[in-house]
$ cat model.csv   # CSV, C-alpha atoms and all ligand atoms
chain,number,residue,atom,x,y,z
Z,1,MET,CA,-5.8,-11.0,-13.8
Z,2,ASN,CA,-2.8,-12.4,-15.4
Z,3,ALA,CA,-2.8,-16.2,-14.7
Z,4,GLY,CA,1.0,-16.6,-14.4
Z,5,LEU,CA,1.3,-13.8,-11.8
Z,6,LEU,CA,-1.7,-15.0,-9.9
Z,7,THR,CA,-0.3,-18.6,-9.8
Z,8,ARG,CA,3.1,-17.5,-8.6
Z,9,LEU,CA,1.7,-15.3,-5.8
Z,10,THR,CA,-0.6,-18.1,-4.7
Z,11,VAL,CA,2.3,-20.6,-4.6
Z,12,GLU,CA,4.5,-18.2,-2.7
Z,13,LEU,CA,1.8,-17.3,-0.2
Z,14,ASP,CA,1.0,-21.0,0.4
Z,15,ALA,CA,4.7,-21.7,1.0
Z,16,GLN,CA,5.0,-18.8,3.4
Z,17,SER,CA,1.8,-19.9,5.2
Z,18,ALA,CA,3.2,-23.4,5.6
Z,19,ALA,CA,6.7,-22.3,6.7
Z,20,THR,CA,6.0,-19.4,9.1
Z,21,GLY,CA,2.3,-18.5,8.9
Z,22,LEU,CA,1.1,-15.3,7.3
Z,23,ARG,CA,1.2,-12.1,9.2
Z,24,ARG,CA,-2.2,-11.0,10.3
Z,25,ASP,CA,-2.9,-7.5,11.5
Z,26,LEU,CA,-4.4,-7.1,15.0
Z,27,VAL,CA,-7.6,-5.2,14.8
Z,28,ALA,CA,-8.0,-2.9,17.7
Z,29,SER,CA,-11.0,-0.6,18.4
Z,30,GLY,CA,-11.5,2.6,20.3
Z,31,PRO,CA,-9.0,5.4,20.8
Z,32,GLN,CA,-5.3,4.9,21.2
Z,33,GLY,CA,-4.3,4.9,24.8
Z,34,THR,CA,-2.6,2.8,27.5
Z,35,THR,CA,-5.4,0.3,27.0
Z,36,LEU,CA,-6.7,-1.0,23.7
Z,37,GLU,CA,-9.8,-3.0,22.9
Z,38,VAL,CA,-9.0,-6.1,21.0
Z,39,ALA,CA,-11.7,-8.7,20.1
Z,40,GLY,CA,-13.8,-7.6,23.0
Z,41,GLU,CA,-11.0,-7.7,25.5
Z,42,THR,CA,-9.3,-4.7,27.2
Z,43,LEU,CA,-5.5,-5.1,27.0
Z,44,VAL,CA,-2.9,-2.9,28.7
Z,45,ASN,CA,-1.0,-1.5,25.7
Z,46,PHE,CA,2.8,-1.8,25.6
Z,47,ALA,CA,3.0,-1.9,21.9
Z,48,SER,CA,2.5,1.7,20.7
Z,49,ASN,CA,4.9,4.5,20.1
Z,50,ASP,CA,2.8,7.0,22.0
Z,51,TYR,CA,5.7,7.8,24.3
Z,52,LEU,CA,4.3,11.0,25.8
Z,53,GLY,CA,0.7,9.8,25.9
Z,54,LEU,CA,-0.4,12.6,23.6
Z,55,ALA,CA,-2.4,10.5,21.2
Z,56,GLY,CA,-5.3,10.5,23.6
Z,57,ASP,CA,-4.7,14.0,25.1
Z,58,PRO,CA,-8.1,15.8,25.1
Z,59,GLU,CA,-6.4,19.1,24.1
Z,60,VAL,CA,-4.8,17.5,21.0
Z,61,ILE,CA,-8.1,15.8,20.0
Z,62,ASP,CA,-10.2,19.0,20.6
Z,63,SER,CA,-7.8,21.0,18.4
Z,64,ALA,CA,-8.1,18.5,15.6
Z,65,ARG,CA,-11.9,18.5,16.0
Z,66,ARG,CA,-12.0,22.3,15.7
Z,67,ALA,CA,-9.6,22.2,12.7
Z,68,LEU,CA,-12.0,19.7,11.0
Z,69,GLY,CA,-14.8,22.2,11.3
Z,70,GLU,CA,-12.6,25.1,10.1
Z,71,HIS,CA,-10.7,23.4,7.3
Z,72,GLY,CA,-12.7,20.4,6.4
Z,73,LEU,CA,-11.2,16.9,6.0
Z,74,GLY,CA,-8.6,16.9,3.3
Z,75,VAL,CA,-7.3,19.3,0.7
Z,76,SER,CA,-7.5,17.1,-2.4
Z,77,ALA,CA,-4.3,18.7,-3.8
Z,78,GLY,CA,-0.6,18.6,-3.4
Z,79,ARG,CA,1.4,21.3,-1.5
Z,80,VAL,CA,2.7,22.7,-4.8
Z,81,LEU,CA,-0.8,23.2,-6.2
Z,82,CYS,CA,-3.6,24.5,-4.0
Z,83,GLY,CA,-3.0,22.1,-1.1
Z,84,THR,CA,-1.0,24.3,1.2
Z,85,ARG,CA,-2.8,25.9,4.2
Z,86,GLY,CA,-1.3,28.3,6.8
Z,87,VAL,CA,-1.2,25.5,9.3
Z,88,HIS,CA,1.3,23.6,7.2
Z,89,GLY,CA,3.8,26.5,7.4
Z,90,GLU,CA,3.0,27.0,11.1
Z,91,LEU,CA,3.8,23.3,11.7
Z,92,GLU,CA,7.0,23.4,9.7
Z,93,ALA,CA,8.1,26.4,11.8
Z,94,SER,CA,7.1,24.7,15.0
Z,95,ILE,CA,9.1,21.5,14.1
Z,96,ALA,CA,12.2,23.6,13.3
Z,97,GLY,CA,11.8,25.3,16.7
Z,98,LEU,CA,11.5,22.0,18.5
Z,99,VAL,CA,14.6,20.4,16.9
Z,100,GLY,CA,16.7,23.5,16.7
Z,101,ALA,CA,16.9,23.7,12.9
Z,102,GLU,CA,16.6,26.6,10.5
Z,103,ASP,CA,13.6,25.2,8.7
Z,104,SER,CA,11.7,22.0,8.1
Z,105,VAL,CA,9.4,20.5,5.4
Z,106,LEU,CA,6.5,18.2,5.9
Z,107,TYR,CA,5.9,14.8,4.2
Z,108,SER,CA,2.9,12.4,4.5
Z,109,SER,CA,5.0,10.2,6.8
Z,110,CYS,CA,8.6,9.8,7.9
Z,111,PHE,CA,8.8,6.8,5.5
Z,112,ASP,CA,8.1,9.3,2.7
Z,113,ALA,CA,10.6,11.8,4.1
Z,114,ASN,CA,13.3,9.2,4.1
Z,115,LEU,CA,12.3,8.1,0.6
Z,116,GLY,CA,12.5,11.7,-0.6
Z,117,VAL,CA,15.5,13.2,1.1
Z,118,PHE,CA,18.5,11.3,-0.4
Z,119,ALA,CA,17.8,11.5,-4.1
Z,120,ALA,CA,17.1,15.3,-3.8
Z,121,LEU,CA,20.4,16.0,-2.0
Z,122,LEU,CA,22.9,13.5,-3.5
Z,123,GLY,CA,24.1,12.3,-6.9
Z,124,ALA,CA,26.4,9.8,-8.6
Z,125,ASP,CA,29.6,11.4,-7.3
Z,126,ASP,CA,28.5,11.0,-3.6
Z,127,VAL,CA,28.8,8.3,-1.0
Z,128,VAL,CA,26.3,7.3,1.7
Z,129,LEU,CA,27.6,5.5,4.8
Z,130,SER,CA,24.7,3.8,6.4
Z,131,ASP,CA,24.4,1.9,9.8
Z,132,SER,CA,23.5,-1.7,9.2
Z,133,LEU,CA,20.5,-1.5,11.5
Z,134,ASN,CA,19.0,1.6,9.9
Z,135,HIS,CA,15.2,1.7,9.4
Z,136,ALA,CA,13.8,0.2,6.2
Z,137,SER,CA,12.7,3.6,5.0
Z,138,LEU,CA,16.3,4.9,5.1
Z,139,ILE,CA,17.5,1.8,3.3
Z,140,ASP,CA,14.9,2.3,0.6
Z,141,GLY,CA,15.5,6.0,0.3
Z,142,ILE,CA,19.2,5.5,-0.1
Z,143,ARG,CA,18.4,2.9,-2.9
Z,144,LEU,CA,16.7,5.7,-4.8
Z,145,THR,CA,19.9,7.8,-5.1
Z,146,ARG,CA,22.6,7.2,-7.6
Z,147,ALA,CA,25.2,7.7,-4.8
Z,148,ARG,CA,27.5,4.8,-3.9
Z,149,THR,CA,26.5,3.2,-0.6
Z,150,ARG,CA,28.6,1.5,2.1
Z,151,VAL,CA,26.9,-0.1,5.0
Z,152,TYR,CA,28.9,-0.1,8.2
Z,153,ALA,CA,28.4,-2.6,11.0
Z,154,HIS,CA,26.0,-1.4,13.6
Z,155,ALA,CA,27.4,1.6,15.6
Z,156,ASP,CA,30.9,0.4,14.7
Z,157,LEU,CA,32.9,3.5,14.5
Z,158,ASP,CA,36.1,1.8,13.2
Z,159,ASP,CA,34.1,0.3,10.3
Z,160,LEU,CA,32.6,3.7,9.6
Z,161,GLU,CA,36.0,5.3,9.7
Z,162,ARG,CA,37.3,2.7,7.2
Z,163,GLY,CA,34.4,3.7,4.9
Z,164,LEU,CA,35.3,7.4,5.3
Z,165,VAL,CA,38.9,6.7,4.5
Z,166,TYR,CA,38.0,4.7,1.4
Z,167,SER,CA,35.7,7.3,0.0
Z,168,GLN,CA,37.9,10.4,0.1
Z,169,ASP,CA,37.3,10.8,-3.7
Z,170,ALA,CA,33.6,11.5,-3.2
Z,171,ARG,CA,32.1,14.9,-3.8
Z,172,HIS,CA,30.1,14.6,-0.6
Z,173,ARG,CA,29.9,11.9,2.1
Z,174,LEU,CA,26.7,11.5,4.1
Z,175,ILE,CA,26.7,9.4,7.3
Z,176,VAL,CA,23.2,8.1,8.0
Z,177,THR,CA,21.9,6.7,11.2
Z,178,ASP,CA,18.8,6.2,13.3
Z,179,GLY,CA,18.9,8.3,16.4
Z,180,VAL,CA,17.3,5.5,18.4
Z,181,PHE,CA,17.2,2.0,16.8
Z,182,SER,CA,13.7,0.7,16.9
Z,183,MET,CA,14.4,-3.0,17.5
Z,184,ASP,CA,17.0,-2.7,20.3
Z,185,GLY,CA,16.1,0.8,21.8
Z,186,ASP,CA,19.8,1.7,21.7
Z,187,ILE,CA,20.9,5.3,21.0
Z,188,ALA,CA,23.3,6.0,18.2
Z,189,PRO,CA,26.8,7.1,19.4
Z,190,LEU,CA,26.2,10.6,18.2
Z,191,PRO,CA,29.1,12.5,19.7
Z,192,ALA,CA,31.6,10.1,18.1
Z,193,LEU,CA,29.6,10.2,14.8
Z,194,CYS,CA,29.8,14.0,14.8
Z,195,LYS,CA,33.5,13.9,15.5
Z,196,LEU,CA,34.1,11.6,12.6
Z,197,ALA,CA,31.9,13.7,10.3
Z,198,GLU,CA,33.9,16.7,11.2
Z,199,GLN,CA,37.2,15.0,10.9
Z,200,TYR,CA,36.4,13.7,7.4
Z,201,ASP,CA,34.3,16.6,6.2
Z,202,ALA,CA,31.2,14.5,5.9
Z,203,ALA,CA,27.6,15.4,6.5
Z,204,LEU,CA,25.4,13.6,9.1
Z,205,LEU,CA,21.7,12.7,8.7
Z,206,VAL,CA,19.8,11.3,11.7
Z,207,ASP,CA,16.4,9.8,11.7
Z,208,ASP,CA,15.1,10.8,15.1
Z,209,SER,CA,11.7,9.2,14.8
Z,210,HIS,CA,11.9,7.5,18.2
Z,211,ALA,CA,13.7,10.5,19.8
Z,212,THR,CA,11.8,13.6,18.8
Z,213,GLY,CA,9.8,14.8,21.8
Z,214,VAL,CA,11.3,11.9,23.9
Z,215,LEU,CA,15.0,12.6,24.4
Z,216,GLY,CA,16.7,15.7,25.6
Z,217,ALA,CA,15.5,18.2,28.2
Z,218,THR,CA,13.2,20.0,25.8
Z,219,GLY,CA,12.4,16.9,23.6
Z,220,ALA,CA,14.7,18.1,20.8
Z,221,GLY,CA,16.0,14.6,20.4
Z,222,THR,CA,19.2,12.6,20.3
Z,223,ALA,CA,21.5,15.7,19.7
Z,224,GLU,CA,20.1,17.4,22.7
Z,225,TYR,CA,20.4,14.3,24.8
Z,226,PHE,CA,24.1,14.2,24.0
Z,227,GLY,CA,24.6,18.0,23.9
Z,228,VAL,CA,26.0,17.9,20.4
Z,229,GLN,CA,25.4,20.5,17.6
Z,230,HIS,CA,26.7,18.9,14.4
Z,231,VAL,CA,23.6,17.1,12.9
Z,232,ASP,CA,23.2,18.5,9.4
Z,233,VAL,CA,19.9,16.9,8.5
Z,234,LEU,CA,17.2,15.4,10.7
Z,235,THR,CA,14.2,13.3,9.7
Z,236,GLY,CA,11.4,12.4,12.0
Z,237,THR,CA,7.8,11.5,12.4
Z,238,LEU,CA,4.6,13.0,13.8
Z,239,GLY,CA,3.2,9.4,14.2
Z,240,LYS,CA,4.9,8.5,17.4
Z,241,ALA,CA,5.6,10.8,20.4
Z,242,LEU,CA,4.1,14.0,18.7
Z,243,GLY,CA,0.5,13.0,18.9
Z,244,GLY,CA,0.6,9.8,16.9
Z,245,GLY,CA,-1.5,11.1,14.0
Z,246,ALA,CA,0.5,10.9,10.8
Z,247,GLY,CA,3.2,12.9,9.0
Z,248,GLY,CA,6.9,13.2,8.7
Z,249,PHE,CA,9.5,15.9,8.2
Z,250,VAL,CA,13.0,16.8,7.2
Z,251,ALA,CA,14.6,19.6,9.2
Z,252,GLY,CA,17.9,21.3,8.6
Z,253,PRO,CA,19.5,24.3,7.0
Z,254,ARG,CA,17.4,26.5,4.8
Z,255,ALA,CA,19.2,25.5,1.6
Z,256,VAL,CA,18.5,21.8,2.4
Z,257,VAL,CA,14.8,22.4,3.0
Z,258,GLU,CA,14.4,24.6,0.0
Z,259,THR,CA,16.1,22.0,-2.2
Z,260,LEU,CA,13.6,19.4,-1.0
Z,261,ARG,CA,10.7,21.8,-1.7
Z,262,GLN,CA,12.0,22.2,-5.2
Z,263,SER,CA,12.9,18.7,-6.1
Z,264,SER,CA,11.9,16.0,-3.6
Z,265,ARG,CA,9.4,13.8,-5.3
Z,266,PRO,CA,7.4,12.5,-2.3
Z,267,TYR,CA,6.9,16.2,-1.3
Z,268,ILE,CA,5.8,17.4,-4.7
Z,269,PHE,CA,3.8,14.5,-6.2
Z,270,THR,CA,1.4,13.7,-3.4
Z,271,ASN,CA,-1.6,15.1,-1.6
Z,272,ALA,CA,-0.9,17.5,1.3
Z,273,MET,CA,-1.3,16.5,4.9
Z,274,ALA,CA,-4.9,16.9,6.2
Z,275,PRO,CA,-5.0,20.3,8.0
Z,276,ALA,CA,-6.6,18.6,11.1
Z,277,LEU,CA,-3.6,16.3,11.4
Z,278,ALA,CA,-1.3,19.3,11.1
Z,279,VAL,CA,-3.2,21.1,13.9
Z,280,ALA,CA,-3.1,18.1,16.1
Z,281,ALA,CA,0.7,17.9,15.6
Z,282,LEU,CA,1.1,21.6,16.4
Z,283,THR,CA,-0.8,21.1,19.7
Z,284,SER,CA,1.2,18.0,20.5
Z,285,ILE,CA,4.5,19.9,19.9
Z,286,ARG,CA,3.4,22.8,22.1
Z,287,ILE,CA,2.5,20.4,24.9
Z,288,ALA,CA,5.7,18.3,24.5
Z,289,ARG,CA,7.7,21.5,24.8
Z,290,GLU,CA,5.7,23.0,27.7
Z,291,ARG,CA,5.4,19.9,29.8
Z,292,SER,CA,8.8,18.5,30.6
Z,293,GLU,CA,7.2,16.5,33.4
Z,294,LEU,CA,5.9,14.1,30.6
Z,295,ARG,CA,9.5,13.2,29.7
Z,296,GLU,CA,10.4,12.9,33.4
Z,297,ARG,CA,7.5,10.5,34.0
Z,298,LEU,CA,8.4,8.6,30.9
Z,299,SER,CA,11.9,8.2,32.1
Z,300,ALA,CA,10.8,7.1,35.6
Z,301,ASN,CA,8.3,4.6,34.1
Z,302,THR,CA,10.9,3.2,31.8
Z,303,ALA,CA,13.6,2.9,34.5
Z,304,TRP,CA,11.0,1.2,36.8
Z,305,LEU,CA,9.9,-1.4,34.2
Z,306,ARG,CA,13.4,-2.1,33.0
Z,307,GLY,CA,14.5,-2.7,36.6
Z,308,ALA,CA,11.5,-4.9,37.4
Z,309,LEU,CA,11.9,-7.1,34.3
Z,310,SER,CA,15.7,-7.5,35.0
Z,311,ASP,CA,14.9,-8.4,38.7
Z,312,LEU,CA,12.6,-11.1,37.4
Z,313,GLY,CA,15.6,-12.6,35.6
Z,314,TYR,CA,14.7,-11.5,32.1
Z,315,ASP,CA,17.5,-10.5,29.7
Z,316,VAL,CA,16.7,-6.8,29.1
Z,317,LEU,CA,19.0,-5.0,26.6
Z,318,PRO,CA,20.6,-2.2,28.6
Z,319,GLY,CA,19.6,1.4,27.9
Z,320,GLU,CA,17.3,4.3,28.9
Z,321,HIS,CA,14.9,4.5,26.0
Z,322,PRO,CA,11.2,3.4,26.4
Z,323,ILE,CA,11.8,0.8,23.8
Z,324,VAL,CA,12.6,-2.1,26.1
Z,325,ALA,CA,13.9,-5.2,24.3
Z,326,VAL,CA,13.3,-8.4,26.4
Z,327,MET,CA,15.5,-11.0,24.8
Z,328,LEU,CA,13.9,-14.5,24.5
Z,329,ARG,CA,16.2,-16.2,22.0
Z,330,GLY,CA,15.5,-19.3,20.1
Z,331,GLY,CA,12.6,-21.2,18.7
Z,332,THR,CA,9.2,-19.8,19.6
Z,333,LEU,CA,10.0,-18.7,23.1
Z,334,ALA,CA,9.4,-15.0,22.4
Z,335,ARG,CA,6.1,-15.8,20.7
Z,336,ASP,CA,5.0,-18.1,23.6
Z,337,VAL,CA,5.8,-15.4,26.2
Z,338,ALA,CA,3.9,-12.8,24.1
Z,339,GLU,CA,0.9,-15.1,23.9
Z,340,ALA,CA,1.1,-15.7,27.7
Z,341,LEU,CA,1.2,-12.0,28.3
Z,342,ARG,CA,-1.8,-11.5,26.0
Z,343,ARG,CA,-3.8,-14.1,28.0
Z,344,GLU,CA,-2.9,-12.1,31.1
Z,345,GLY,CA,-4.2,-8.9,29.5
Z,346,ALA,CA,-1.0,-7.2,28.4
Z,347,LEU,CA,-0.2,-6.4,24.7
Z,348,ALA,CA,3.4,-6.5,23.6
Z,349,PHE,CA,4.7,-8.1,20.4
Z,350,ALA,CA,7.3,-10.8,19.8
Z,351,LEU,CA,9.8,-9.9,17.1
Z,352,SER,CA,11.4,-12.7,15.1
Z,353,HIS,CA,13.1,-13.2,11.8
Z,354,PRO,CA,13.1,-11.4,9.3
Z,355,VAL,CA,12.4,-8.3,11.5
Z,356,VAL,CA,15.3,-9.2,13.7
Z,357,PRO,CA,18.1,-11.7,13.0
Z,358,ALA,CA,17.3,-15.4,13.7
Z,359,GLY,CA,18.5,-16.2,17.2
Z,360,GLU,CA,17.8,-12.6,18.3
Z,361,GLU,CA,14.1,-13.1,19.0
Z,362,ARG,CA,12.7,-10.7,21.6
Z,363,ILE,CA,9.6,-9.0,23.0
Z,364,ARG,CA,9.5,-5.3,22.4
Z,365,VAL,CA,7.8,-3.5,25.3
Z,366,GLN,CA,7.1,0.2,24.8
Z,367,VAL,CA,6.6,2.4,27.7
Z,368,SER,CA,4.5,5.6,27.8
Z,369,ALA,CA,4.5,8.6,30.2
Z,370,ALA,CA,0.7,7.8,30.4
Z,371,HIS,CA,1.2,4.3,31.9
Z,372,THR,CA,0.1,4.3,35.6
Z,373,SER,CA,2.2,2.6,38.2
Z,374,GLY,CA,-0.6,0.1,38.5
Z,375,GLN,CA,-0.3,-0.7,34.7
Z,376,LEU,CA,3.5,-1.1,35.0
Z,377,GLU,CA,3.1,-3.4,38.0
Z,378,PHE,CA,0.5,-5.3,36.1
Z,379,ALA,CA,3.0,-5.8,33.2
Z,380,ALA,CA,5.7,-7.0,35.6
Z,381,ALA,CA,3.3,-9.4,37.3
Z,382,ALA,CA,2.2,-10.7,33.8
Z,383,PHE,CA,5.9,-11.3,32.8
Z,384,ALA,CA,6.5,-13.1,36.2
Z,385,ARG,CA,3.5,-15.4,35.6
Z,386,ALA,CA,4.4,-16.0,32.0
Z,387,ARG,CA,7.9,-17.2,33.1
Z,388,THR,CA,6.4,-19.5,35.7
Z,389,ALA,CA,3.9,-20.9,33.3
Z,390,LEU,CA,6.5,-21.6,30.6
Z,391,ALA,CA,8.9,-23.2,33.2
Z,392,ALA,CA,6.0,-25.5,34.2
Z,393,ALA,CA,5.1,-26.4,30.6
V,401,LIG,C1,13.3,4.9,12.7
V,401,LIG,C2,12.0,5.1,11.9
V,401,LIG,N1,12.0,5.8,10.8
V,401,LIG,C3,10.9,6.0,10.1
V,401,LIG,C4,9.7,5.4,10.5
V,401,LIG,C5,8.5,5.6,9.6
V,401,LIG,O1,7.7,6.6,10.3
V,401,LIG,P1,6.2,6.9,9.7
V,401,LIG,O2,5.3,6.0,10.5
V,401,LIG,O3,6.0,8.4,10.0
V,401,LIG,O4,6.2,6.6,8.3
V,401,LIG,C6,9.7,4.6,11.6
V,401,LIG,C7,8.4,3.9,12.0
V,401,LIG,O5,8.3,2.7,12.0
V,401,LIG,C8,10.9,4.4,12.3
V,401,LIG,O6,10.9,3.6,13.4
$ encode --input "model.csv" --output "structure tokens" --more "lines below"
Ligand SMILES: Cc1ncc(COP(=O)(O)O)c(C=O)c1O
Amino acid sequence: MNAGLLTRLTVELDAQSAATGLRRDLVASGPQGTTLEVAGETLVNFASNDYLGLAGDPEVIDSARRALGEHGLGVSAGRVLCGTRGVHGELEASIAGLVGAEDSVLYSSCFDANLGVFAALLGADDVVLSDSLNHASLIDGIRLTRARTRVYAHADLDDLERGLVYSQDARHRLIVTDGVFSMDGDIAPLPALCKLAEQYDAALLVDDSHATGVLGATGAGTAEYFGVQHVDVLTGTLGKALGGGAGGFVAGPRAVVETLRQSSRPYIFTNAMAPALAVAALTSIRIARERSELRERLSANTAWLRGALSDLGYDVLPGEHPIVAVMLRGGTLARDVAEALRREGALAFALSHPVVPAGEERIRVQVSAAHTSGQLEFAAAAFARARTALAAA
């Protein structure tokens, strides 16, 4: 190993370790569910994106098991070589049906979808207008285009409009937003974004990773939640509400999807999704569409926990989404409360700089349709005791 590189990395890691500590992954065992086994303890899980509880659904798991028998594990080839199976096409059609698009194309993850979508659709004559709180994968994907980029202040329609006015010379303008922002759980102001897009002849791309399957009467996502039509391109994940396996997609008009199949590098130059994962996602989408009661339960669970934590005096960012941001600003307060919750047997993560701005520390609680009322009450009681313990300390 090159000594200079090794020395620099070691010095930087030592400095980070002394300043903030190094991030260490939590090692859980057993299947994903509303409880997780961590270091021999059973914790009630409020840290997963398994919003509909489908990750542990027996039908989803059985379908994947059967697909393993039928198709084997992986395909050892890209989609454009001999890696495509019938289930990939079935899943692409099923995703398009769920989100109300003409077609969709699969990627290994939504991170990859976001890395692959911009460079394939845009060029140097184009302008991207991107919300300042967009997900890291959107930011990185936009960096891979030669298009000019203007970041507008989070959900600030006036700032966005200024960008649209300044960029009238562009060949295309593309407004880019998360449908649901993963740190705050707030929903993008889609009706107003659609209106601006129409007014300025811009296209709109929404990353609906936290909304597909979750928002809207049929789980179609943010556009259905607001009853708007004008989303040109949608990206999303199969790693959250839709079974929690892995995979991402871009959905939109046929010409967009065909362009991605022809030239999107993370689609072309990588191994195809394992067929068993595709089958698990197909089963999850069918269940998500058939069982609207899962969204009703998720909504009721979320409203209950948001209310209970507010009643306890916690500062909960307002909203309806199952991402519940409990603000615990300053110092190590958020981390201390998360540790107290963990001692009580509840798992939720504290978020601090650089994941959120300094001074905006919080605990992110994620609710699932699968949480029982007992588990929600347990969480509220744990938060109550954490508050009392910290007040006494
Ligand atoms: C908004 C958003 N986009 C994209 C991703 C990436 O999704 P995936 O896990 O499928 O790569 C995430 C997950 O963290 C996300 O929250």
$ closest_residue --input "model.csv" --among "Z:Val165, Z:Ala391, Z:Ala120, Z:Leu133" --to "Ala153 of chain Z" --atoms "all atoms listed in the file"
Z:Leu133
$ residues_around --input "model.csv" --residues "segment 88-92 of chain Z" --least-positions-apart "5" --cutoff "8 Å" --atoms "all atoms listed in the file" --output "list of chain:residue names"
Z:Asp103, Z:Ser104, Z:Val105, Z:Leu106, Z:Met273, Z:Pro275, Z:Ala278, Z:Val279, Z:Ala281, Z:Leu282
$ atom_distance --input "model.csv" --atom1 "atom CA of Thr20 of chain Z" --atom2 "atom CA of Ala47 of chain Z"
21.9 Å
$ atom_distance --input "model.csv" --atom1 "atom CA of Asp57 of chain Z" --atom2 "atom CA of Ile287 of chain Z"
9.6 Å
$ residues_near_ligand --input "model.csv" --ligand "ligand LIG 401 (chain V)" --cutoff "9 Å" --atoms "all atoms listed in the file" --output "compact mmCIF listing (two decimals) with C-alpha atoms, keeping the file's coordinate frame"
# COMPACT_ATOMS: atom_id res chain seq x y z
CA ASN Z 49 4.90 4.50 20.10
CA TYR Z 107 5.90 14.80 4.20
CA SER Z 108 2.90 12.40 4.50
CA SER Z 109 5.00 10.20 6.80
CA CYS Z 110 8.60 9.80 7.90
CA PHE Z 111 8.80 6.80 5.50
CA ASP Z 112 8.10 9.30 2.70
CA ALA Z 113 10.60 11.80 4.10
CA ASN Z 114 13.30 9.20 4.10
CA ASN Z 134 19.00 1.60 9.90
CA HIS Z 135 15.20 1.70 9.40
CA ALA Z 136 13.80 0.20 6.20
CA SER Z 137 12.70 3.60 5.00
CA LEU Z 138 16.30 4.90 5.10
CA THR Z 177 21.90 6.70 11.20
CA ASP Z 178 18.80 6.20 13.30
CA GLY Z 179 18.90 8.30 16.40
CA VAL Z 180 17.30 5.50 18.40
CA PHE Z 181 17.20 2.00 16.80
CA SER Z 182 13.70 0.70 16.90
CA MET Z 183 14.40 -3.00 17.50
CA ASP Z 207 16.40 9.80 11.70
CA ASP Z 208 15.10 10.80 15.10
CA SER Z 209 11.70 9.20 14.80
CA HIS Z 210 11.90 7.50 18.20
CA THR Z 235 14.20 13.30 9.70
CA GLY Z 236 11.40 12.40 12.00
CA THR Z 237 7.80 11.50 12.40
CA LEU Z 238 4.60 13.00 13.80
CA GLY Z 239 3.20 9.40 14.20
CA LYS Z 240 4.90 8.50 17.40
CA GLY Z 244 0.60 9.80 16.90
CA GLY Z 245 -1.50 11.10 14.00
CA ALA Z 246 0.50 10.90 10.80
CA GLY Z 247 3.20 12.90 9.00
CA GLY Z 248 6.90 13.20 8.70
CA PHE Z 249 9.50 15.90 8.20
$ residues_around --input "model.csv" --residues "Ser130 of chain Z" --least-positions-apart "4" --cutoff "9 Å" --atoms "all atoms listed in the file" --output "list in words"
Asn134, Leu138, Ile139, Ile142, Thr149, Arg150, Val151, Tyr152, Ala153, His154, Leu160, Leu174, Ile175, Val176 and Thr177 of chain Z
$ atom_distance --input "model.csv" --atom1 "atom CA of Leu52 of chain Z" --atom2 "atom CA of Arg286 of chain Z"
12.4 Å
$ closest_residue --input "model.csv" --among "Z:Leu115, Z:Ile323, Z:Leu294, Z:Ala251" --to "Ala369 of chain Z" --atoms "only C-alpha atoms"
Z:Leu294
$ closest_residue --input "model.csv" --among "Z:Ala346, Z:Ala217, Z:Leu390, Z:Leu98" --to "Leu36 of chain Z" --atoms "all atoms listed in the file"
Z:Ala346
$ closest_residue --input "model.csv" --among "Z:Val44, Z:Ala223, Z:Leu347, Z:Ala340" --to "Ala101 of chain Z" --atoms "only C-alpha atoms"
Z:Ala223
$ residues_near_point --input "model.csv" --point "(13.6, -10.3, 33.1)" --cutoff "10 Å" --atoms "only C-alpha atoms" --output "NGL selection string"
:Z and (305-317 or 326-328 or 380 or 383-384 or 387)
$ write_last_selection --input "model.csv" --atoms "C-alpha atoms" --output "tab-separated table (two decimals), in the coordinates of the input"
chain	number	residue	atom	x	y	z
Z	305	LEU	CA	9.90	-1.40	34.20
Z	306	ARG	CA	13.40	-2.10	33.00
Z	307	GLY	CA	14.50	-2.70	36.60
Z	308	ALA	CA	11.50	-4.90	37.40
Z	309	LEU	CA	11.90	-7.10	34.30
Z	310	SER	CA	15.70	-7.50	35.00
Z	311	ASP	CA	14.90	-8.40	38.70
Z	312	LEU	CA	12.60	-11.10	37.40
Z	313	GLY	CA	15.60	-12.60	35.60
Z	314	TYR	CA	14.70	-11.50	32.10
Z	315	ASP	CA	17.50	-10.50	29.70
Z	316	VAL	CA	16.70	-6.80	29.10
Z	317	LEU	CA	19.00	-5.00	26.60
Z	326	VAL	CA	13.30	-8.40	26.40
Z	327	MET	CA	15.50	-11.00	24.80
Z	328	LEU	CA	13.90	-14.50	24.50
Z	380	ALA	CA	5.70	-7.00	35.60
Z	383	PHE	CA	5.90	-11.30	32.80
Z	384	ALA	CA	6.50	-13.10	36.20
Z	387	ARG	CA	7.90	-17.20	33.10
$ closest_residue --input "model.csv" --among "Z:Tyr51, Z:Phe349, Z:Phe378, Z:Tyr267" --to "Arg79 of chain Z" --atoms "all atoms listed in the file"
Z:Tyr267
$ residues_near_point --input "model.csv" --point "(27.4, 12.9, -9.6)" --cutoff "8 Å" --atoms "only C-alpha atoms" --output "list in words"
Leu122, Gly123, Ala124, Asp125, Asp126, Arg146, Ala147 and Arg171 of chain Z
$ residues_around --input "model.csv" --residues "Pro189 of chain Z" --least-positions-apart "4" --cutoff "10 Å" --atoms "all atoms listed in the file" --output "PyMOL selection string"
chain Z and resi 155-157+177+179-180+193-194+222+226
$ closest_residue --input "model.csv" --among "Z:His371, Z:Arg297, Z:His230, Z:Arg362" --to "Asp184 of chain Z" --atoms "only C-alpha atoms"
Z:Arg362
$ residues_around --input "model.csv" --residues "Leu43 of chain Z" --least-positions-apart "6" --cutoff "12 Å" --atoms "only C-alpha atoms" --output "VMD selection string"
chain Z and resid 28 to 30 32 to 37 341 to 348 375 378 to 379 382
